[in-house]
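Please read the structure below before turning to the comments.
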Amino acid sequence: MVQERQCQGKGACWTLRLWSAALISMLLLSTCFIASCVEKMWGCCPNHWKSFGSSCYLISTKENFWSTSEQNCVQMGAHLVVINTEAEQNFITQQLNESLSYFLGLSDPQGNGKWQWVDDTPFSQNIRFWHPHEPNLPEERCVSIVYWNPSKWGWNDVFCDSKHNSICEMKKIYL
């Protein structure tokens with residue numbers, strides 16, 4: 001049985017209570033701070049998705065048309081990949097099979113050279129990884145990433161009703 005100690009004087013009890021309240025307050029604030037940091041740092045991706053930066057990527061194992069590929073991504077809470085940096089492009093290409101091509105979330109719906117990303121990210125003239133002499137046909141209104149020797153991985157305009165594998169992208173889930 002635990003015995004309760006009596007405070008020796010009213011001043012000692014007051015000081016003990018004050019220090020106890022301060023300690024409890026500091027512990028609560030520390031817990032909130034740590035929880036806040038963990039929430040911002042622990043980003044998760046679903047099983048079989050690859051993590052890079054603030055996104056998760058899934059490489060499809062089945063060929064489909066561009067619109068079907070985008071619908072499949074959307075059904076998983078994602079969209080066809082939007083490439084924003086060279087580092088992102090390099091990460092993605094490390095995951096790919098060199099004998100296959102993969103749809104990106106980039107298209108030119110009107111065939112007038114006004115390329116647009118599926119998530120409405122502005123198409124930057126600075127972030128472009130076209131193969132030499134691409135895009136080359138206004139009828140080819142969708143984009144795939146494909147490995148060509150000797151130029152390695154790059155973008156190629158393709159017919160939207162051709163079948164390719166694809167890459168889905170979603171934002172990480174933060175805990």
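In the structure tokens, chains take the letters A, B, ... in the order shown, each chain's residues start at 1, and ligands count up from 1 in the order shown.
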Discussion item. If we count only C-alpha atoms and set the cut-off at 9 Å, which residues sit around range 69-86 of chain A, ignoring sequence neighbours fewer than 4 positions away in its own chain? Please answer as an MDAnalysis selection string.
Written reply: chainID A and resid 57:58 60 63:65 90:91 103:106 117:119 121 124 127:129 164:171
Next, the residues of the selection above should be written as a PDB file, in the first residue's frame with N, CA and C atoms.
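Written output follows (part-v1.pdb):
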ATOM      1  N   TYR A  57       4.467   5.725 -56.780  1.00  0.00           N
ATOM      2  CA  TYR A  57       4.365   5.358 -58.198  1.00  0.00           C
ATOM      3  C   TYR A  57       4.081   3.868 -58.323  1.00  0.00           C
ATOM      4  N   LEU A  58       3.206   3.546 -59.267  1.00  0.00           N
ATOM      5  CA  LEU A  58       2.901   2.154 -59.573  1.00  0.00           C
ATOM      6  C   LEU A  58       3.140   1.939 -61.062  1.00  0.00           C
ATOM      7  N   SER A  60       2.552  -0.234 -64.221  1.00  0.00           N
ATOM      8  CA  SER A  60       1.575  -1.243 -64.641  1.00  0.00           C
ATOM      9  C   SER A  60       2.275  -2.424 -65.302  1.00  0.00           C
ATOM     10  N   GLU A  63      -0.748  -3.771 -70.698  1.00  0.00           N
ATOM     11  CA  GLU A  63      -0.883  -2.731 -71.720  1.00  0.00           C
ATOM     12  C   GLU A  63      -2.340  -2.330 -71.881  1.00  0.00           C
ATOM     13  N   ASN A  64      -2.572  -1.035 -72.051  1.00  0.00           N
ATOM     14  CA  ASN A  64      -3.908  -0.495 -72.292  1.00  0.00           C
ATOM     15  C   ASN A  64      -3.794   0.749 -73.158  1.00  0.00           C
ATOM     16  N   PHE A  65      -4.949   1.250 -73.596  1.00  0.00           N
ATOM     17  CA  PHE A  65      -4.997   2.537 -74.269  1.00  0.00           C
ATOM     18  C   PHE A  65      -4.728   3.639 -73.235  1.00  0.00           C
ATOM     19  N   ASN A  90      14.590  10.409 -63.568  1.00  0.00           N
ATOM     20  CA  ASN A  90      15.647   9.416 -63.343  1.00  0.00           C
ATOM     21  C   ASN A  90      15.183   8.320 -62.389  1.00  0.00           C
ATOM     22  N   PHE A  91      14.488   8.696 -61.319  1.00  0.00           N
ATOM     23  CA  PHE A  91      13.964   7.689 -60.392  1.00  0.00           C
ATOM     24  C   PHE A  91      13.021   6.737 -61.118  1.00  0.00           C
ATOM     25  N   PHE A 103       2.892   4.833 -70.798  1.00  0.00           N
ATOM     26  CA  PHE A 103       2.185   6.094 -70.928  1.00  0.00           C
ATOM     27  C   PHE A 103       2.513   7.023 -69.765  1.00  0.00           C
ATOM     28  N   LEU A 104       2.638   8.317 -70.093  1.00  0.00           N
ATOM     29  CA  LEU A 104       2.741   9.383 -69.103  1.00  0.00           C
ATOM     30  C   LEU A 104       1.412  10.132 -69.078  1.00  0.00           C
ATOM     31  N   GLY A 105       1.230  10.983 -68.107  1.00  0.00           N
ATOM     32  CA  GLY A 105       0.004  11.782 -68.006  1.00  0.00           C
ATOM     33  C   GLY A 105       0.067  13.057 -68.826  1.00  0.00           C
ATOM     34  N   LEU A 106       0.693  13.003 -69.984  1.00  0.00           N
ATOM     35  CA  LEU A 106       0.856  14.169 -70.859  1.00  0.00           C
ATOM     36  C   LEU A 106       0.167  13.896 -72.188  1.00  0.00           C
ATOM     37  N   TRP A 117      -0.685  18.342 -68.814  1.00  0.00           N
ATOM     38  CA  TRP A 117      -0.616  17.248 -67.852  1.00  0.00           C
ATOM     39  C   TRP A 117      -2.011  16.951 -67.307  1.00  0.00           C
ATOM     40  N   VAL A 118      -2.256  15.702 -66.936  1.00  0.00           N
ATOM     41  CA  VAL A 118      -3.581  15.290 -66.453  1.00  0.00           C
ATOM     42  C   VAL A 118      -3.990  15.982 -65.163  1.00  0.00           C
ATOM     43  N   ASP A 119      -3.035  16.430 -64.358  1.00  0.00           N
ATOM     44  CA  ASP A 119      -3.379  17.087 -63.089  1.00  0.00           C
ATOM     45  C   ASP A 119      -3.379  18.605 -63.205  1.00  0.00           C
ATOM     46  N   THR A 121      -0.990  20.524 -64.016  1.00  0.00           N
ATOM     47  CA  THR A 121       0.312  21.155 -63.821  1.00  0.00           C
ATOM     48  C   THR A 121       0.686  21.828 -65.131  1.00  0.00           C
ATOM     49  N   SER A 124       5.861  22.821 -68.623  1.00  0.00           N
ATOM     50  CA  SER A 124       7.026  23.700 -68.613  1.00  0.00           C
ATOM     51  C   SER A 124       7.944  23.404 -69.790  1.00  0.00           C
ATOM     52  N   ILE A 127      11.140  21.606 -68.372  1.00  0.00           N
ATOM     53  CA  ILE A 127      11.112  20.198 -67.955  1.00  0.00           C
ATOM     54  C   ILE A 127      10.556  19.386 -69.116  1.00  0.00           C
ATOM     55  N   ARG A 128      11.433  19.029 -70.013  1.00  0.00           N
ATOM     56  CA  ARG A 128      11.029  18.256 -71.189  1.00  0.00           C
ATOM     57  C   ARG A 128      12.123  17.248 -71.483  1.00  0.00           C
ATOM     58  N   PHE A 129      11.720  16.043 -71.725  1.00  0.00           N
ATOM     59  CA  PHE A 129      12.688  14.978 -71.963  1.00  0.00           C
ATOM     60  C   PHE A 129      12.349  14.219 -73.244  1.00  0.00           C
ATOM     61  N   HIS A 164       0.081   0.549 -74.440  1.00  0.00           N
ATOM     62  CA  HIS A 164       1.362   0.631 -73.735  1.00  0.00           C
ATOM     63  C   HIS A 164       1.117   0.319 -72.265  1.00  0.00           C
ATOM     64  N   ASN A 165       2.188   0.027 -71.557  1.00  0.00           N
ATOM     65  CA  ASN A 165       2.110  -0.036 -70.105  1.00  0.00           C
ATOM     66  C   ASN A 165       1.944   1.403 -69.627  1.00  0.00           C
ATOM     67  N   SER A 166       1.853   1.612 -68.330  1.00  0.00           N
ATOM     68  CA  SER A 166       1.682   2.966 -67.827  1.00  0.00           C
ATOM     69  C   SER A 166       2.273   3.092 -66.434  1.00  0.00           C
ATOM     70  N   ILE A 167       2.332   4.336 -65.965  1.00  0.00           N
ATOM     71  CA  ILE A 167       2.847   4.646 -64.631  1.00  0.00           C
ATOM     72  C   ILE A 167       1.814   5.519 -63.934  1.00  0.00           C
ATOM     73  N   CYS A 168       1.325   5.067 -62.790  1.00  0.00           N
ATOM     74  CA  CYS A 168       0.396   5.860 -61.994  1.00  0.00           C
ATOM     75  C   CYS A 168       1.173   6.589 -60.897  1.00  0.00           C
ATOM     76  N   GLU A 169       0.654   7.752 -60.513  1.00  0.00           N
ATOM     77  CA  GLU A 169       1.259   8.548 -59.442  1.00  0.00           C
ATOM     78  C   GLU A 169       0.168   9.038 -58.504  1.00  0.00           C
ATOM     79  N   MET A 170       0.472   8.996 -57.200  1.00  0.00           N
ATOM     80  CA  MET A 170      -0.413   9.583 -56.191  1.00  0.00           C
ATOM     81  C   MET A 170       0.452  10.241 -55.128  1.00  0.00           C
ATOM     82  N   LYS A 171      -0.130  11.174 -54.408  1.00  0.00           N
ATOM     83  CA  LYS A 171       0.569  11.799 -53.280  1.00  0.00           C
ATOM     84  C   LYS A 171       0.667  10.785 -52.148  1.00  0.00           C
TER      85      LYS A 171
END
Fill in: Who sits within 12 Å of Lys114 in chain A, only C-alpha atoms, same chain under 2 positions skipped, as JSON, numbers by chain
{"A": [106, 107, 108, 109, 110, 111, 112, 116, 117, 122, 123, 124, 125, 135, 138, 141, 142]}
With all heavy atoms retained, export the selected residues as a compact mmCIF listing (two decimals), in the first residue's frame.
# COMPACT_ATOMS: atom_id res chain seq x y z
N LEU A 106 0.69 13.00 -69.98
CA LEU A 106 0.86 14.17 -70.86
C LEU A 106 0.17 13.90 -72.19
O LEU A 106 0.34 12.82 -72.78
CB LEU A 106 2.35 14.43 -71.08
CG LEU A 106 2.75 15.68 -71.87
CD1 LEU A 106 2.28 16.96 -71.19
CD2 LEU A 106 4.27 15.71 -72.04
N SER A 107 -0.63 14.86 -72.64
CA SER A 107 -1.32 14.69 -73.91
C SER A 107 -1.53 16.04 -74.58
O SER A 107 -1.37 17.10 -73.96
CB SER A 107 -2.67 13.99 -73.71
OG SER A 107 -3.55 14.82 -72.98
N ASP A 108 -1.88 15.97 -75.85
CA ASP A 108 -2.20 17.14 -76.67
C ASP A 108 -3.57 16.87 -77.31
O ASP A 108 -3.65 16.46 -78.46
CB ASP A 108 -1.11 17.32 -77.73
CG ASP A 108 -1.38 18.46 -78.68
OD1 ASP A 108 -2.28 19.27 -78.43
OD2 ASP A 108 -0.67 18.54 -79.71
N PRO A 109 -4.65 17.05 -76.56
CA PRO A 109 -5.98 16.62 -77.01
C PRO A 109 -6.41 17.19 -78.36
O PRO A 109 -7.10 16.52 -79.12
CB PRO A 109 -6.92 17.11 -75.90
CG PRO A 109 -6.05 17.35 -74.73
CD PRO A 109 -4.70 17.68 -75.24
N GLN A 110 -6.00 18.42 -78.68
CA GLN A 110 -6.42 19.04 -79.93
C GLN A 110 -5.44 18.81 -81.07
O GLN A 110 -5.73 19.13 -82.22
CB GLN A 110 -6.59 20.56 -79.73
CG GLN A 110 -7.49 20.95 -78.57
CD GLN A 110 -8.85 20.29 -78.62
OE1 GLN A 110 -9.48 20.23 -79.67
NE2 GLN A 110 -9.29 19.76 -77.49
N GLY A 111 -4.27 18.28 -80.77
CA GLY A 111 -3.25 18.06 -81.80
C GLY A 111 -2.64 19.36 -82.31
O GLY A 111 -2.15 19.42 -83.43
N ASN A 112 -2.62 20.38 -81.46
CA ASN A 112 -2.09 21.69 -81.87
C ASN A 112 -0.79 22.07 -81.16
O ASN A 112 -0.40 23.22 -81.14
CB ASN A 112 -3.15 22.77 -81.65
CG ASN A 112 -3.61 22.84 -80.20
OD1 ASN A 112 -3.06 22.16 -79.33
ND2 ASN A 112 -4.62 23.66 -79.95
N GLN A 116 -0.51 19.15 -72.28
CA GLN A 116 -1.03 19.39 -70.93
C GLN A 116 -0.95 18.13 -70.09
O GLN A 116 -1.12 17.03 -70.59
CB GLN A 116 -2.46 19.93 -70.98
CG GLN A 116 -3.43 19.02 -71.71
CD GLN A 116 -4.78 19.70 -71.94
OE1 GLN A 116 -4.86 20.87 -72.30
NE2 GLN A 116 -5.85 18.95 -71.70
N TRP A 117 -0.68 18.34 -68.81
CA TRP A 117 -0.62 17.25 -67.85
C TRP A 117 -2.01 16.95 -67.31
O TRP A 117 -2.83 17.86 -67.19
CB TRP A 117 0.32 17.60 -66.69
CG TRP A 117 1.76 17.69 -67.07
CD1 TRP A 117 2.50 18.83 -67.18
CD2 TRP A 117 2.65 16.61 -67.36
NE1 TRP A 117 3.80 18.51 -67.53
CE2 TRP A 117 3.92 17.15 -67.64
CE3 TRP A 117 2.50 15.22 -67.40
CZ2 TRP A 117 5.02 16.36 -67.96
CZ3 TRP A 117 3.60 14.43 -67.72
CH2 TRP A 117 4.84 15.00 -67.99
N PRO A 122 1.13 23.09 -65.09
CA PRO A 122 1.53 23.74 -66.35
C PRO A 122 2.65 22.97 -67.03
O PRO A 122 3.58 22.50 -66.37
CB PRO A 122 2.00 25.12 -65.91
CG PRO A 122 1.38 25.33 -64.56
CD PRO A 122 1.24 23.97 -63.94
N PHE A 123 2.55 22.84 -68.35
CA PHE A 123 3.61 22.17 -69.11
C PHE A 123 4.76 23.14 -69.26
O PHE A 123 4.65 24.16 -69.92
CB PHE A 123 3.09 21.72 -70.48
CG PHE A 123 4.13 21.02 -71.30
CD1 PHE A 123 4.65 19.80 -70.90
CD2 PHE A 123 4.60 21.58 -72.47
CE1 PHE A 123 5.61 19.15 -71.65
CE2 PHE A 123 5.57 20.94 -73.23
CZ PHE A 123 6.06 19.72 -72.81
N SER A 124 5.86 22.82 -68.62
CA SER A 124 7.03 23.70 -68.61
C SER A 124 7.94 23.40 -69.79
O SER A 124 8.26 22.25 -70.06
CB SER A 124 7.80 23.52 -67.30
OG SER A 124 9.02 24.20 -67.36
N GLN A 125 8.37 24.44 -70.45
CA GLN A 125 9.33 24.28 -71.54
C GLN A 125 10.69 23.83 -70.99
O GLN A 125 11.51 23.30 -71.71
CB GLN A 125 9.49 25.60 -72.31
CG GLN A 125 8.20 26.08 -72.95
CD GLN A 125 7.62 25.08 -73.95
OE1 GLN A 125 8.34 24.38 -74.65
NE2 GLN A 125 6.30 25.00 -73.99
N PRO A 135 8.22 15.87 -80.21
CA PRO A 135 7.12 15.20 -80.89
C PRO A 135 7.16 15.49 -82.38
O PRO A 135 7.63 16.55 -82.80
CB PRO A 135 5.88 15.82 -80.24
CG PRO A 135 6.33 17.15 -79.73
CD PRO A 135 7.77 17.02 -79.40
N PRO A 138 1.24 15.54 -85.40
CA PRO A 138 0.10 16.09 -84.66
C PRO A 138 -0.98 15.04 -84.36
O PRO A 138 -1.76 15.21 -83.43
CB PRO A 138 -0.44 17.20 -85.56
CG PRO A 138 0.27 17.10 -86.85
CD PRO A 138 1.43 16.17 -86.69
N ARG A 141 -1.18 12.13 -80.11
CA ARG A 141 -1.58 13.11 -79.10
C ARG A 141 -1.33 12.68 -77.66
O ARG A 141 -1.70 13.38 -76.73
CB ARG A 141 -3.06 13.45 -79.29
CG ARG A 141 -3.32 14.10 -80.63
CD ARG A 141 -4.76 14.42 -80.82
NE ARG A 141 -4.96 15.05 -82.13
CZ ARG A 141 -6.11 15.48 -82.56
NH1 ARG A 141 -7.19 15.37 -81.81
NH2 ARG A 141 -6.21 16.03 -83.75
N CYS A 142 -0.74 11.54 -77.47
CA CYS A 142 -0.39 11.07 -76.13
C CYS A 142 1.11 10.85 -76.06
O CYS A 142 1.79 10.82 -77.09
CB CYS A 142 -1.15 9.78 -75.80
SG CYS A 142 -2.93 10.08 -75.59
Practice prompt. Find the residues near Cys44 in chain A: any atom within 7 Å, counting only C-alpha atoms, skip ones fewer than 5 places away on the same chain, and give them as a PyMOL selection string.
Written response: chain A and resi 172-174
Selected residues, N, CA and C atoms, written as a CSV table (one decimal), in the first residue's frame, please.
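Wrote part-v1.csv, looks like this:
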chain,number,residue,atom,x,y,z
A,172,LYS,N,1.8,10.9,-51.4
A,172,LYS,CA,1.9,10.0,-50.2
A,172,LYS,C,0.8,10.2,-49.2
A,173,ILE,N,0.5,9.2,-48.5
A,173,ILE,CA,-0.4,9.3,-47.4
A,173,ILE,C,0.4,9.6,-46.1
A,174,TYR,N,0.1,10.7,-45.5
A,174,TYR,CA,0.9,11.0,-44.3
A,174,TYR,C,0.1,10.6,-43.0
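Atom pair CA of Ser101 in chain A / CA of Gly43 in chain A: separated by 28.8 Å.
The shell of residues at most 10 Å from range 146-150 of chain A, with only C-alpha atoms counted and near chain neighbours (fewer than 3 positions) removed, consists of A:Thr93, A:Leu96, A:Asn97, A:Glu98, A:Ser99, A:Leu100, A:Ser101, A:Tyr102, A:Phe103, A:Trp130, A:His131, A:Val143, A:Trp153, A:Gly154, A:Trp155, A:Asn156.
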Item to complete: Have a look at CA of Lys163 in chain A and CA of Gln89 in chain A and let me know their distance in Å, one decimal.
Response: 21.4 Å
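The residues of range 84-162 of chain A that DSSP assigns to strand (DSSP E or B) on this backbone come out as Tyr102, Phe103, Leu104, Gly105, Leu106, Ser107, Gln116, Trp117, Trp130, Cys142, Val143, Ser144, Ile145, Val146, Tyr147, Trp148, Lys152, Trp153, Gly154, Trp155, Asn156, Asp157 and Val158 of chain A.
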